[in-house]
$ cat work-v7.cif   # mmCIF, C-alpha atoms
data_query
loop_
_atom_site.label_atom_id
_atom_site.label_comp_id
_atom_site.auth_asym_id
_atom_site.auth_seq_id
_atom_site.Cartn_x
_atom_site.Cartn_y
_atom_site.Cartn_z
CA MET F 361 94.89 100.06 -42.47
CA GLU F 362 93.02 98.02 -45.03
CA ARG F 363 91.03 99.65 -47.79
CA GLY F 364 87.45 100.26 -46.66
CA GLU F 365 88.32 99.97 -42.98
CA LYS F 366 86.84 102.76 -40.87
CA THR F 367 89.14 105.44 -39.52
CA PHE F 368 88.95 106.58 -35.92
CA THR F 369 87.00 109.68 -36.97
CA GLY F 370 84.66 107.46 -38.93
CA ARG F 371 84.02 105.28 -35.92
CA VAL F 372 83.38 108.33 -33.73
CA ARG F 373 81.03 109.73 -36.37
CA GLU F 374 79.12 106.46 -36.61
CA ALA F 375 78.79 106.17 -32.86
CA ALA F 376 77.68 109.80 -32.54
CA ARG F 377 75.08 109.30 -35.24
CA GLY F 378 73.34 106.62 -33.23
CA LEU F 379 73.47 108.32 -29.86
CA GLY F 380 71.48 111.56 -29.78
CA PRO F 381 72.90 114.10 -27.28
CA PHE F 382 76.10 112.69 -25.78
CA ARG F 383 79.15 113.52 -23.71
CA SER F 384 82.62 112.25 -24.57
CA PHE F 385 82.63 109.49 -21.93
CA GLU F 386 79.28 108.20 -23.25
CA ILE F 387 80.69 107.72 -26.72
CA ALA F 388 83.83 106.08 -25.36
CA GLY F 389 81.85 102.94 -24.39
CA PRO F 390 80.60 102.03 -27.88
CA LEU F 391 84.10 102.67 -29.20
CA GLY F 392 85.66 100.38 -26.62
CA ILE F 393 87.70 103.10 -24.92
CA ALA F 394 88.03 103.12 -21.15
CA SER F 395 87.75 106.58 -19.56
CA SER F 396 91.28 106.20 -18.18
CA ASP F 397 92.61 105.33 -21.60
CA THR F 398 95.07 107.62 -23.37
CA GLN F 399 92.78 107.39 -26.41
CA MET F 400 90.30 109.63 -24.57
CA GLN F 401 92.45 112.60 -25.58
CA ALA F 402 92.25 111.55 -29.23
CA LEU F 403 88.50 111.10 -28.83
CA ARG F 404 88.09 114.63 -27.43
CA SER F 405 90.18 116.04 -30.29
CA THR F 406 88.08 114.20 -32.84
CA ILE F 407 84.87 115.50 -31.27
CA ARG F 408 86.33 119.00 -31.46
CA ASP F 409 87.21 118.47 -35.15
CA LEU F 410 83.72 117.23 -35.97
CA TYR F 411 82.25 120.21 -34.13
CA ARG F 412 84.44 122.57 -36.20
CA LEU F 413 83.38 120.82 -39.38
CA GLY F 414 79.77 121.46 -38.43
CA GLU F 415 78.87 117.80 -38.04
CA LEU F 416 78.28 118.14 -34.30
CA LYS F 417 76.14 120.72 -32.56
CA ARG F 418 77.12 121.83 -29.06
CA LEU F 419 74.03 121.84 -26.86
CA GLU F 420 75.93 122.93 -23.74
CA ARG F 421 79.49 122.69 -22.51
CA GLY F 422 80.64 119.11 -23.15
CA LEU F 423 77.28 117.98 -24.56
CA TYR F 424 77.11 117.38 -28.30
CA GLN F 425 74.64 116.10 -30.84
CA TYR F 426 75.28 114.78 -34.33
CA VAL F 427 73.78 116.77 -37.19
CA ALA F 428 74.08 115.88 -40.86
CA PRO F 429 77.05 117.60 -42.52
CA LYS F 430 76.04 120.72 -44.36
CA GLN F 431 76.31 120.84 -48.12
CA LYS F 432 78.79 123.24 -49.56
CA GLY F 433 77.12 126.65 -49.78
CA VAL F 434 77.23 129.05 -52.70
CA ARG F 435 79.67 131.31 -50.90
CA GLN F 436 82.06 128.41 -50.25
CA ARG F 437 81.82 127.31 -53.90
CA LEU F 438 82.60 130.81 -55.17
CA TRP F 439 85.39 131.19 -52.61
CA ASP F 440 86.95 127.92 -53.77
CA VAL F 441 86.84 128.91 -57.41
CA VAL F 442 88.48 132.28 -56.70
CA ARG F 443 91.09 130.59 -54.53
CA ARG F 444 91.91 128.05 -57.22
CA MET F 445 92.29 130.57 -60.02
CA PRO F 446 95.94 130.72 -61.02
CA ALA F 447 95.93 134.42 -61.80
CA ARG F 448 95.49 137.16 -59.22
CA ASN F 449 92.78 138.87 -61.22
CA PHE F 450 89.33 137.45 -61.73
CA THR F 451 86.19 138.73 -63.37
CA LEU F 452 82.50 138.40 -62.71
CA ASP F 453 82.28 136.51 -66.02
CA ASP F 454 84.86 133.96 -64.84
CA LEU F 455 82.90 133.18 -61.71
CA GLU F 456 79.61 133.06 -63.56
CA GLN F 457 80.98 130.63 -66.12
CA LEU F 458 82.83 128.36 -63.74
CA THR F 459 80.17 128.04 -61.06
CA GLY F 460 76.99 128.53 -63.04
CA CYS F 461 75.81 131.02 -60.42
CA LYS F 462 73.61 133.95 -61.42
CA ARG F 463 75.12 137.38 -62.11
CA ASN F 464 73.58 138.95 -59.01
CA THR F 465 74.94 136.21 -56.76
CA VAL F 466 78.42 136.60 -58.20
CA LYS F 467 78.24 140.39 -57.83
CA TRP F 468 77.10 140.07 -54.23
CA PHE F 469 79.96 137.69 -53.49
CA CYS F 470 82.60 139.93 -55.07
CA GLU F 471 81.30 142.96 -53.20
CA TRP F 472 81.44 140.96 -50.00
CA MET F 473 85.05 140.03 -50.75
CA VAL F 474 85.92 143.68 -51.31
CA ASN F 475 84.13 144.82 -48.16
CA ALA F 476 85.74 142.09 -46.09
CA GLY F 477 89.19 142.99 -47.40
CA TYR F 478 89.94 139.83 -49.39
CA ALA F 479 89.85 141.43 -52.83
CA VAL F 480 90.08 144.81 -54.48
CA ARG F 481 87.95 146.08 -57.32
CA LYS F 482 90.16 147.23 -60.17
CA VAL F 483 87.73 148.26 -62.87
CA ARG F 484 84.11 147.41 -63.55
CA GLY F 485 83.73 143.64 -63.34
CA LEU F 486 87.42 143.01 -62.66
CA TYR F 487 88.70 142.14 -59.21
CA ALA F 488 92.04 141.08 -57.77
CA LYS F 489 92.81 138.78 -54.86
CA LYS F 490 94.61 140.54 -52.04
CA GLY F 491 96.62 137.69 -50.64
CA GLU F 492 96.64 134.02 -49.71
CA MET F 493 93.18 132.61 -49.15
CA CYS F 494 92.42 129.91 -46.61
CA PRO F 495 90.36 126.88 -47.79
CA ASP F 496 87.30 127.67 -45.67
CA VAL F 497 85.35 130.78 -46.42
CA PRO F 498 85.67 133.11 -43.42
CA VAL F 499 82.68 133.68 -41.20
CA GLU F 500 80.71 136.67 -42.41
CA ARG F 501 81.11 139.84 -40.43
CA ARG F 502 79.36 143.07 -41.13
CA GLY F 503 81.15 146.13 -42.39
CA LYS F 504 84.55 146.99 -43.76
CA GLU F 505 86.14 147.39 -40.36
CA HIS F 506 85.21 143.89 -39.23
CA GLY F 507 86.45 142.42 -42.50
CA ALA F 508 89.73 144.19 -42.12
CA ARG F 509 90.02 142.97 -38.56
CA SER F 510 89.44 139.39 -39.55
CA MET F 511 92.31 139.69 -42.03
CA GLY F 512 94.59 140.95 -39.30
CA HIS F 513 94.74 139.21 -36.00
CA GLY F 514 91.69 140.86 -34.53
CA ALA F 515 93.54 143.98 -33.52
CA ARG F 516 92.03 147.34 -34.46
CA SER F 517 95.36 149.07 -34.79
CA LYS F 518 99.02 148.42 -34.30
CA GLU F 519 98.97 150.29 -30.99
CA GLU F 520 96.15 148.13 -29.68
CA ALA F 521 97.92 144.99 -30.82
CA ASP F 522 101.08 146.10 -29.08
CA GLU F 523 99.17 146.80 -25.92
CA GLY F 524 97.54 143.39 -26.16
CA LEU F 525 94.03 144.79 -26.25
CA MET C 283 79.59 137.11 -74.69
CA LYS C 284 77.28 134.66 -73.02
CA ASN C 285 78.39 133.58 -69.60
CA THR C 286 78.18 129.84 -69.88
CA PHE C 287 80.89 127.27 -69.64
CA ALA C 288 81.15 126.03 -73.22
CA MET C 289 81.35 122.30 -73.84
CA THR C 290 84.07 121.59 -76.36
CA HIS C 291 85.29 118.18 -77.47
CA ASN C 292 88.18 118.49 -74.99
CA VAL C 293 85.83 119.24 -72.11
CA GLU C 294 83.59 116.32 -73.03
CA MET C 295 86.57 114.00 -73.11
CA PHE C 296 87.76 115.37 -69.76
CA VAL C 297 84.37 114.71 -68.16
CA ALA C 298 84.27 111.24 -69.70
CA LEU C 299 87.76 110.43 -68.42
CA ALA C 300 87.05 111.68 -64.90
CA GLY C 301 83.72 109.83 -64.92
CA SER C 302 85.35 106.59 -65.99
CA LEU C 303 87.90 106.93 -63.18
CA GLU C 304 85.16 107.50 -60.63
CA LYS C 305 83.07 104.55 -61.82
CA ARG C 306 85.95 102.23 -62.53
CA ASP C 307 85.70 98.54 -61.76
CA ARG C 308 87.61 96.89 -58.98
CA GLY C 309 91.18 96.23 -60.02
CA VAL C 310 91.29 99.12 -62.49
CA ASP C 311 93.82 101.80 -61.61
CA GLY C 312 92.40 105.13 -60.55
CA MET C 313 95.01 107.45 -61.98
CA GLY C 314 94.59 109.60 -65.04
CA LEU C 315 96.62 112.18 -66.91
CA VAL C 316 95.44 115.17 -68.93
CA PHE C 317 98.04 117.14 -70.81
CA GLY C 318 98.35 119.56 -73.67
CA GLU C 319 99.72 122.85 -74.85
CA PRO C 320 99.08 126.00 -72.84
CA GLY C 321 95.96 128.00 -73.67
CA LEU C 322 93.66 125.08 -74.41
CA GLY C 323 91.62 125.40 -71.23
CA LYS C 324 92.95 122.54 -69.10
CA THR C 325 93.12 124.45 -65.84
CA ARG C 326 89.80 126.17 -66.44
CA THR C 327 88.14 122.83 -67.15
CA ALA C 328 89.72 121.34 -64.02
CA ILE C 329 88.49 124.20 -61.82
CA TRP C 330 85.02 123.97 -63.32
CA TYR C 331 84.93 120.20 -62.86
CA ALA C 332 86.32 120.37 -59.32
CA ASP C 333 83.50 122.74 -58.40
CA LYS C 334 80.95 120.48 -60.06
CA ILE C 335 81.88 117.29 -58.23
CA ASN C 336 83.43 118.84 -55.11
CA ALA C 337 86.85 117.42 -55.87
CA VAL C 338 90.05 118.16 -54.02
CA TYR C 339 92.06 120.53 -56.20
CA PHE C 340 95.74 121.14 -55.69
CA ARG C 341 97.99 123.22 -57.90
CA ALA C 342 101.66 122.29 -57.79
CA LYS C 343 104.26 125.01 -58.03
CA GLU C 344 107.91 125.17 -58.93
CA HIS C 345 108.91 124.88 -55.28
CA THR C 346 106.40 122.17 -54.32
CA THR C 347 108.01 119.39 -52.33
CA LEU C 348 106.53 116.11 -51.16
CA ARG C 349 105.75 117.64 -47.80
CA SER C 350 104.09 120.74 -49.23
CA LEU C 351 102.06 118.55 -51.60
CA LEU C 352 100.72 116.48 -48.73
CA GLU C 353 100.20 119.54 -46.57
CA GLY C 354 98.23 121.20 -49.36
CA LEU C 355 96.04 118.13 -49.80
CA VAL C 356 95.38 117.85 -46.07
CA VAL C 357 94.41 121.53 -45.88
CA GLU C 358 92.15 121.10 -48.91
CA LEU C 359 90.54 118.19 -47.12
CA GLY C 360 89.64 120.52 -44.28
CA GLN C 361 92.07 119.32 -41.66
CA ALA C 362 94.80 120.96 -39.66
CA PRO C 363 98.06 119.58 -41.08
CA MET C 364 100.43 117.68 -38.81
CA TYR C 365 104.16 118.28 -38.95
CA ARG C 366 105.78 115.07 -40.13
CA THR C 367 105.45 113.95 -43.73
CA SER C 368 104.41 110.44 -42.72
CA ASP C 369 101.68 111.89 -40.49
CA LEU C 370 100.51 114.14 -43.30
CA TYR C 371 100.24 111.15 -45.61
CA ALA C 372 98.27 109.21 -43.00
CA GLN C 373 95.98 112.19 -42.49
CA ALA C 374 95.30 112.57 -46.20
CA ARG C 375 94.74 108.85 -46.63
CA ALA C 376 92.41 108.57 -43.63
CA SER C 377 90.42 111.59 -44.73
CA LEU C 378 90.02 110.31 -48.28
CA MET C 379 89.03 106.88 -47.04
CA GLU C 380 86.48 108.49 -44.78
CA ALA C 381 84.93 110.64 -47.49
CA PRO C 382 86.22 109.59 -50.92
CA ARG C 383 86.70 112.51 -53.33
CA THR C 384 88.44 112.81 -56.64
CA VAL C 385 91.87 114.43 -56.30
CA ILE C 386 92.92 116.77 -59.10
CA VAL C 387 96.55 117.85 -59.18
CA ASP C 388 97.29 120.62 -61.63
CA GLU C 389 100.72 121.50 -63.07
CA ILE C 390 101.94 117.98 -62.43
CA ASP C 391 105.10 118.78 -64.43
CA TYR C 392 106.58 120.33 -61.32
CA LEU C 393 106.17 117.06 -59.43
CA ALA C 394 107.11 114.76 -62.28
CA GLY C 395 110.77 115.68 -62.05
CA GLN C 396 111.26 114.43 -58.51
CA GLY C 397 109.27 111.20 -58.74
CA ARG C 398 108.45 111.04 -55.04
CA GLY C 399 105.41 113.26 -55.42
CA ILE C 400 104.03 111.18 -58.28
CA HIS C 401 104.60 107.94 -56.41
CA THR C 402 102.94 109.34 -53.32
CA LEU C 403 99.89 110.22 -55.40
CA ARG C 404 99.86 106.69 -56.73
CA ASP C 405 100.02 105.36 -53.16
CA LEU C 406 97.10 107.57 -52.20
CA ALA C 407 95.09 106.36 -55.18
CA ASP C 408 95.83 102.75 -54.30
CA GLU C 409 95.34 102.87 -50.57
CA ALA C 410 92.44 105.29 -50.29
CA GLY C 411 90.86 104.02 -53.49
CA VAL C 412 90.17 107.49 -54.85
CA PRO C 413 90.66 108.68 -58.42
CA VAL C 414 93.66 110.94 -58.94
CA LEU C 415 93.63 113.10 -62.03
CA MET C 416 96.91 114.77 -62.96
CA ILE C 417 96.99 117.74 -65.28
CA GLY C 418 100.12 118.93 -66.94
CA MET C 419 101.64 120.70 -69.87
CA MET C 420 102.94 119.25 -73.09
CA ASP C 421 105.92 117.50 -71.51
CA ALA C 422 103.96 115.91 -68.67
CA GLU C 423 103.39 112.65 -70.49
CA ARG C 424 107.04 112.32 -71.46
CA LYS C 425 108.17 113.08 -67.91
CA ILE C 426 105.80 110.55 -66.36
CA ALA C 427 106.62 107.94 -69.00
CA ARG C 428 110.09 107.77 -67.42
CA PHE C 429 108.46 105.89 -64.55
CA ARG C 430 107.63 102.89 -66.70
CA HIS C 431 105.72 100.91 -64.07
CA LEU C 432 103.57 103.92 -63.22
CA TYR C 433 102.96 104.96 -66.80
CA ASP C 434 101.87 101.43 -67.74
CA ARG C 435 99.14 101.69 -65.16
CA LEU C 436 97.74 105.01 -66.23
CA GLN C 437 98.17 104.51 -69.95
CA ALA C 438 94.50 103.69 -70.38
CA HIS C 439 93.53 107.01 -68.83
CA VAL C 440 95.59 109.54 -70.72
CA LEU C 441 93.90 112.43 -72.47
CA ARG C 442 95.62 114.94 -74.68
CA PHE C 443 93.95 118.34 -75.01
CA LYS C 444 94.09 119.22 -78.68
CA PRO C 445 93.67 122.58 -80.36
CA LEU C 446 90.03 123.12 -81.30
CA SER C 447 89.12 121.91 -84.76
CA GLY C 448 87.07 124.04 -87.14
CA GLU C 449 83.94 122.14 -86.17
CA ASP C 450 84.74 122.63 -82.49
CA VAL C 451 85.28 126.35 -82.97
CA GLY C 452 81.84 126.51 -84.58
CA ARG C 453 80.25 124.74 -81.62
CA PHE C 454 82.12 126.91 -79.17
CA THR C 455 81.20 130.21 -80.80
CA LYS C 456 77.57 129.11 -81.08
CA GLN C 457 77.51 128.53 -77.33
CA ILE C 458 79.10 131.75 -76.17
CA CYS C 459 79.03 134.37 -78.93
CA GLU C 460 76.07 136.73 -78.86
CA VAL C 461 76.33 137.46 -82.57
CA ASP C 462 75.62 135.00 -85.38
CA LEU C 463 78.70 133.95 -87.32
CA ASP C 464 78.61 132.49 -90.78
CA GLU C 465 80.84 129.60 -91.79
CA SER C 466 83.51 131.81 -93.29
CA ALA C 467 83.86 133.76 -90.04
CA VAL C 468 84.18 130.55 -88.04
CA ALA C 469 86.84 129.31 -90.43
CA GLU C 470 88.67 132.63 -90.13
CA ILE C 471 88.62 132.40 -86.31
CA ALA C 472 89.84 128.79 -86.43
CA ARG C 473 92.66 129.76 -88.79
CA GLY C 474 93.72 132.87 -86.88
CA SER C 475 93.60 131.30 -83.42
CA GLY C 476 95.25 128.00 -84.27
CA GLY C 477 92.54 126.34 -82.18
CA LYS C 478 93.70 128.00 -78.94
CA LEU C 479 90.87 128.82 -76.59
CA ARG C 480 92.42 131.99 -75.20
CA LYS C 481 92.81 133.44 -78.70
CA ILE C 482 89.31 132.38 -79.72
CA ILE C 483 87.82 134.14 -76.70
CA SER C 484 89.66 137.39 -77.42
CA GLU C 485 88.56 137.10 -81.05
CA ILE C 486 84.93 136.71 -79.97
CA TYR C 487 85.20 139.88 -77.89
CA ARG C 488 86.50 141.66 -80.97
CA ILE C 489 83.72 140.28 -83.16
CA GLU C 490 81.06 141.41 -80.72
CA ARG C 491 82.59 144.89 -80.67
CA ILE C 492 82.59 145.01 -84.47
CA ALA C 493 78.97 143.80 -84.60
CA ARG C 494 77.85 146.41 -82.07
CA ALA C 495 79.69 149.23 -83.79
CA ASN C 496 78.30 148.35 -87.22
CA ASP C 497 74.90 147.13 -86.06
CA LEU C 498 75.45 143.71 -87.66
CA LYS C 499 73.22 140.72 -87.09
CA GLU C 500 75.58 138.27 -88.71
CA VAL C 501 79.34 138.57 -89.00
CA THR C 502 81.24 137.14 -91.95
CA ALA C 503 84.95 136.67 -92.62
CA SER C 504 84.98 139.80 -94.76
CA HIS C 505 83.99 141.93 -91.75
CA LEU C 506 86.84 140.47 -89.74
CA THR C 507 89.55 140.83 -92.36
CA ARG C 508 88.36 144.33 -93.31
CA LYS C 509 88.56 145.44 -89.69
CA ALA C 510 91.92 143.82 -89.21
CA ALA C 511 93.33 145.47 -92.30
#
$ encode --input "work-v7.cif" --output "structure tokens"
Amino acid sequence: MERGEKTFTGRVREAARGLGPFRSFEIAGPLGIASSDTQMQALRSTIRDLYRLGELKRLERGLYQYVAPKQKGVRQRLWDVVRRMPARNFTLDDLEQLTGCKRNTVKWFCEWMVNAGYAVRKVRGLYAKKGEMCPDVPVERRGKEHGARSMGHGARSKEEADEGL
Amino acid sequence: MKNTFAMTHNVEMFVALAGSLEKRDRGVDGMGLVFGEPGLGKTRTAIWYADKINAVYFRAKEHTTLRSLLEGLVVELGQAPMYRTSDLYAQARASLMEAPRTVIVDEIDYLAGQGRGIHTLRDLADEAGVPVLMIGMMDAERKIARFRHLYDRLQAHVLRFKPLSGEDVGRFTKQICEVDLDESAVAEIARGSGGKLRKIISEIYRIERIARANDLKEVTASHLTRKAA
């Protein structure tokens, strides 16, 4: 692939941008893919990826529309900084300095991390990461229980997980 | 202590280097190296800068292999990593070509030994056309200089983080210390810390404690040495 040449995802994105609401077979035409083509599978996967990235909105099953990619939010920025810190411990001051966010925002974020089970509060203003952090900030859920569940595999207890509930 | 990210000479040079890599002319290599002794704020500056420009940040570890490097980059780029190393490379390249972002690789020393990791980063910089900024410890330059052809290309973009000079310590304390310091106190901090950021910060905490306890508006060297004695 030459430098500057569009990738497959780029071509899908460009086609989606100019289409309005579309289904996968409608975008296949502008991309030069026949519906019987094996590339249809790659096209569907790419549409799914763009949907996950928030660049596509699902209007109904199989019907998508392109929306501009969202800018990185404050929560994602703070999450990234915590994730990138080499040490396990981090302070409110660290986050304030490195992101330029206000004290209240940083406090709110750290409390959210504690409630969701991603960090523990050690002493005033000092927190510690609880484990490996994924690159994308997890979807917010309310309450300690939900946070804890999102850390596990959605099971409320070991018994429930064993029973497959 | 004030909660602002202080701009020291090192930080300014870092920003200038990263900026020159981003705005480089066609034909100029996009790789850079920042190195220096521990405790000078390299990693902190890199994390701050990565947040500022939304760069891809990867921290190499002792056990990082070529595959785990590429996997880490692909994950940072927001994609589900494939299995094979060649696929991972293609994924990273395609993603960076699609949305070019500066790639910052910290603790490059761990990759410098094996060579493959460094050369893969060079390939990414060449093929995707994105700046790659490597950050390492004191030996990083020496280790990379073994790869003559690579080092020749990044020689123009090498920055050494130096211990803070007396003037720099003055600037730094002015930006983050909540108490006024006279020249003698600044000189005392510079002497005691050896220009290391970590030591300067702990010294500032101590100074602020002394100032609060004694209700001082300005702290001089005599206050510091008296308390230390």
$ atom_distance --input "work-v7.cif" --atom1 "CA of Ala374 (chain C)" --atom2 "CA of Gly389 (chain F)"
27.4 Å
$ resolve_selection --input "work-v7.cif" --expression "the PyMOL selection byres ((chain F) within 8 of (chain C))" --output "ChimeraX atom specification"
/F:362-364,366-367,369-370,413,437,440-441,444-445,453,456-460,495-496
$ resolve_selection --input "work-v7.cif" --expression "the PyMOL selection byres ((chain F and resi 466) around 10)" --output "count of residues only"
22
$ resolve_selection --input "work-v7.cif" --expression "the PyMOL selection byres ((chain F and resi 375-383) around 12)" --output "number ranges by chain"
F: 366, 368-374, 384-392, 395, 400, 403-404, 406-408, 410-411, 415-429
$ atom_distance --input "work-v7.cif" --atom1 "CA of Arg488 (chain C)" --atom2 "CA of Ser504 (chain C)"
14.0 Å
$ residues_near_point --input "work-v7.cif" --point "(86.4, 115.4, -64.9)" --cutoff "12 Å" --atoms "only C-alpha atoms" --output "MDAnalysis selection string"
chainID C and resid 292:305 314:316 324:339 383:387 413:417 439 441
$ axis_aligned_box --input "work-v7.cif" --around "region 369-386 of chain F" --padding-each-side "8 Å" --output "JSON"
{"center_x": 79.2, "center_y": 109.7, "center_z": -30.4, "size_x": 31.5, "size_y": 24.8, "size_z": 33.0}
$ residues_around --input "work-v7.cif" --residues "Ile483 (chain C)" --least-positions-apart "3" --cutoff "10 Å" --atoms "all atoms listed in the file" --output "compact mmCIF listing (two decimals) with C-alpha atoms, in the coordinates of the input"
# COMPACT_ATOMS: atom_id res chain seq x y z
CA MET C 283 79.59 137.11 -74.69
CA PHE C 454 82.12 126.91 -79.17
CA THR C 455 81.20 130.21 -80.80
CA ILE C 458 79.10 131.75 -76.17
CA CYS C 459 79.03 134.37 -78.93
CA ILE C 471 88.62 132.40 -86.31
CA SER C 475 93.60 131.30 -83.42
CA LYS C 478 93.70 128.00 -78.94
CA LEU C 479 90.87 128.82 -76.59
CA ARG C 480 92.42 131.99 -75.20
CA ILE C 486 84.93 136.71 -79.97
CA TYR C 487 85.20 139.88 -77.89
CA ARG C 488 86.50 141.66 -80.97
CA ILE C 489 83.72 140.28 -83.16
$ closest_residue --input "work-v7.cif" --among "C:Gln373, C:Ser484, C:Asp462, C:Gly418" --to "Arg442 (chain C)" --atoms "only C-alpha atoms"
C:Gly418
$ atom_distance --input "work-v7.cif" --atom1 "CA of Glu500 (chain C)" --atom2 "CA of Val461 (chain C)"
6.2 Å
$ residues_near_point --input "work-v7.cif" --point "(96.1, 126.9, -78.5)" --cutoff "10 Å" --atoms "all atoms listed in the file" --output "PDB file with C-alpha atoms, keeping the file's coordinate frame"
ATOM      1  CA  GLY C 318      98.350 119.560 -73.670  1.00  0.00           C
ATOM      2  CA  GLU C 319      99.720 122.850 -74.850  1.00  0.00           C
ATOM      3  CA  PRO C 320      99.080 126.000 -72.840  1.00  0.00           C
ATOM      4  CA  GLY C 321      95.960 128.000 -73.670  1.00  0.00           C
ATOM      5  CA  LEU C 322      93.660 125.080 -74.410  1.00  0.00           C
ATOM      6  CA  GLY C 323      91.620 125.400 -71.230  1.00  0.00           C
ATOM      7  CA  PHE C 443      93.950 118.340 -75.010  1.00  0.00           C
ATOM      8  CA  LYS C 444      94.090 119.220 -78.680  1.00  0.00           C
ATOM      9  CA  PRO C 445      93.670 122.580 -80.360  1.00  0.00           C
ATOM     10  CA  LEU C 446      90.030 123.120 -81.300  1.00  0.00           C
ATOM     11  CA  SER C 475      93.600 131.300 -83.420  1.00  0.00           C
ATOM     12  CA  GLY C 476      95.250 128.000 -84.270  1.00  0.00           C
ATOM     13  CA  GLY C 477      92.540 126.340 -82.180  1.00  0.00           C
ATOM     14  CA  LYS C 478      93.700 128.000 -78.940  1.00  0.00           C
ATOM     15  CA  LEU C 479      90.870 128.820 -76.590  1.00  0.00           C
ATOM     16  CA  ARG C 480      92.420 131.990 -75.200  1.00  0.00           C
ATOM     17  CA  LYS C 481      92.810 133.440 -78.700  1.00  0.00           C
ATOM     18  CA  ILE C 482      89.310 132.380 -79.720  1.00  0.00           C
TER      19      ILE C 482
END
$ residues_around --input "work-v7.cif" --residues "Thr402 (chain C)" --least-positions-apart "5" --cutoff "12 Å" --atoms "all atoms listed in the file" --output "list in words"
Met313, Thr347, Leu348, Arg349, Leu351, Leu352, Leu355, Thr367, Ser368, Leu370, Tyr371, Ala372, Ala374, Arg375, Leu393, Ala394, Gln396, Gly397, Ala407, Asp408, Glu409, Ala410, Val414 and Leu432 of chain C
$ write_last_selection --input "work-v7.cif" --atoms "C-alpha atoms" --output "PDB file, in the coordinates of the input"
ATOM      1  CA  MET C 313      95.010 107.450 -61.980  1.00  0.00           C
ATOM      2  CA  THR C 347     108.010 119.390 -52.330  1.00  0.00           C
ATOM      3  CA  LEU C 348     106.530 116.110 -51.160  1.00  0.00           C
ATOM      4  CA  ARG C 349     105.750 117.640 -47.800  1.00  0.00           C
ATOM      5  CA  LEU C 351     102.060 118.550 -51.600  1.00  0.00           C
ATOM      6  CA  LEU C 352     100.720 116.480 -48.730  1.00  0.00           C
ATOM      7  CA  LEU C 355      96.040 118.130 -49.800  1.00  0.00           C
ATOM      8  CA  THR C 367     105.450 113.950 -43.730  1.00  0.00           C
ATOM      9  CA  SER C 368     104.410 110.440 -42.720  1.00  0.00           C
ATOM     10  CA  LEU C 370     100.510 114.140 -43.300  1.00  0.00           C
ATOM     11  CA  TYR C 371     100.240 111.150 -45.610  1.00  0.00           C
ATOM     12  CA  ALA C 372      98.270 109.210 -43.000  1.00  0.00           C
ATOM     13  CA  ALA C 374      95.300 112.570 -46.200  1.00  0.00           C
ATOM     14  CA  ARG C 375      94.740 108.850 -46.630  1.00  0.00           C
ATOM     15  CA  LEU C 393     106.170 117.060 -59.430  1.00  0.00           C
ATOM     16  CA  ALA C 394     107.110 114.760 -62.280  1.00  0.00           C
ATOM     17  CA  GLN C 396     111.260 114.430 -58.510  1.00  0.00           C
ATOM     18  CA  GLY C 397     109.270 111.200 -58.740  1.00  0.00           C
ATOM     19  CA  ALA C 407      95.090 106.360 -55.180  1.00  0.00           C
ATOM     20  CA  ASP C 408      95.830 102.750 -54.300  1.00  0.00           C
ATOM     21  CA  GLU C 409      95.340 102.870 -50.570  1.00  0.00           C
ATOM     22  CA  ALA C 410      92.440 105.290 -50.290  1.00  0.00           C
ATOM     23  CA  VAL C 414      93.660 110.940 -58.940  1.00  0.00           C
ATOM     24  CA  LEU C 432     103.570 103.920 -63.220  1.00  0.00           C
TER      25      LEU C 432
END
$ build_atoms --input "work-v7.cif" --residues "region 390-396 of chain C" --atoms "N, CA, C and O atoms" --output "PDB file, keeping the file's coordinate frame"
ATOM      1  N   ILE C 390     101.241 119.166 -62.937  1.00  0.00           N
ATOM      2  CA  ILE C 390     101.940 117.980 -62.430  1.00  0.00           C
ATOM      3  C   ILE C 390     103.397 117.953 -62.893  1.00  0.00           C
ATOM      4  O   ILE C 390     104.229 117.270 -62.281  1.00  0.00           O
ATOM      5  N   ASP C 391     103.701 118.721 -63.921  1.00  0.00           N
ATOM      6  CA  ASP C 391     105.100 118.780 -64.430  1.00  0.00           C
ATOM      7  C   ASP C 391     106.092 119.082 -63.324  1.00  0.00           C
ATOM      8  O   ASP C 391     107.204 118.573 -63.313  1.00  0.00           O
ATOM      9  N   TYR C 392     105.667 119.948 -62.398  1.00  0.00           N
ATOM     10  CA  TYR C 392     106.580 120.330 -61.320  1.00  0.00           C
ATOM     11  C   TYR C 392     106.875 119.168 -60.381  1.00  0.00           C
ATOM     12  O   TYR C 392     107.884 119.160 -59.694  1.00  0.00           O
ATOM     13  N   LEU C 393     105.951 118.213 -60.317  1.00  0.00           N
ATOM     14  CA  LEU C 393     106.170 117.060 -59.430  1.00  0.00           C
ATOM     15  C   LEU C 393     106.812 115.898 -60.182  1.00  0.00           C
ATOM     16  O   LEU C 393     107.415 115.021 -59.575  1.00  0.00           O
ATOM     17  N   ALA C 394     106.641 115.908 -61.497  1.00  0.00           N
ATOM     18  CA  ALA C 394     107.110 114.760 -62.280  1.00  0.00           C
ATOM     19  C   ALA C 394     108.623 114.615 -62.235  1.00  0.00           C
ATOM     20  O   ALA C 394     109.145 113.504 -62.327  1.00  0.00           O
ATOM     21  N   GLY C 395     109.320 115.727 -62.057  1.00  0.00           N
ATOM     22  CA  GLY C 395     110.770 115.680 -62.050  1.00  0.00           C
ATOM     23  C   GLY C 395     111.320 114.887 -60.877  1.00  0.00           C
ATOM     24  O   GLY C 395     112.277 114.132 -61.013  1.00  0.00           O
ATOM     25  N   GLN C 396     110.701 115.057 -59.712  1.00  0.00           N
ATOM     26  CA  GLN C 396     111.260 114.430 -58.510  1.00  0.00           C
ATOM     27  C   GLN C 396     110.814 112.980 -58.302  1.00  0.00           C
ATOM     28  O   GLN C 396     111.498 112.236 -57.626  1.00  0.00           O
TER      29      GLN C 396
END
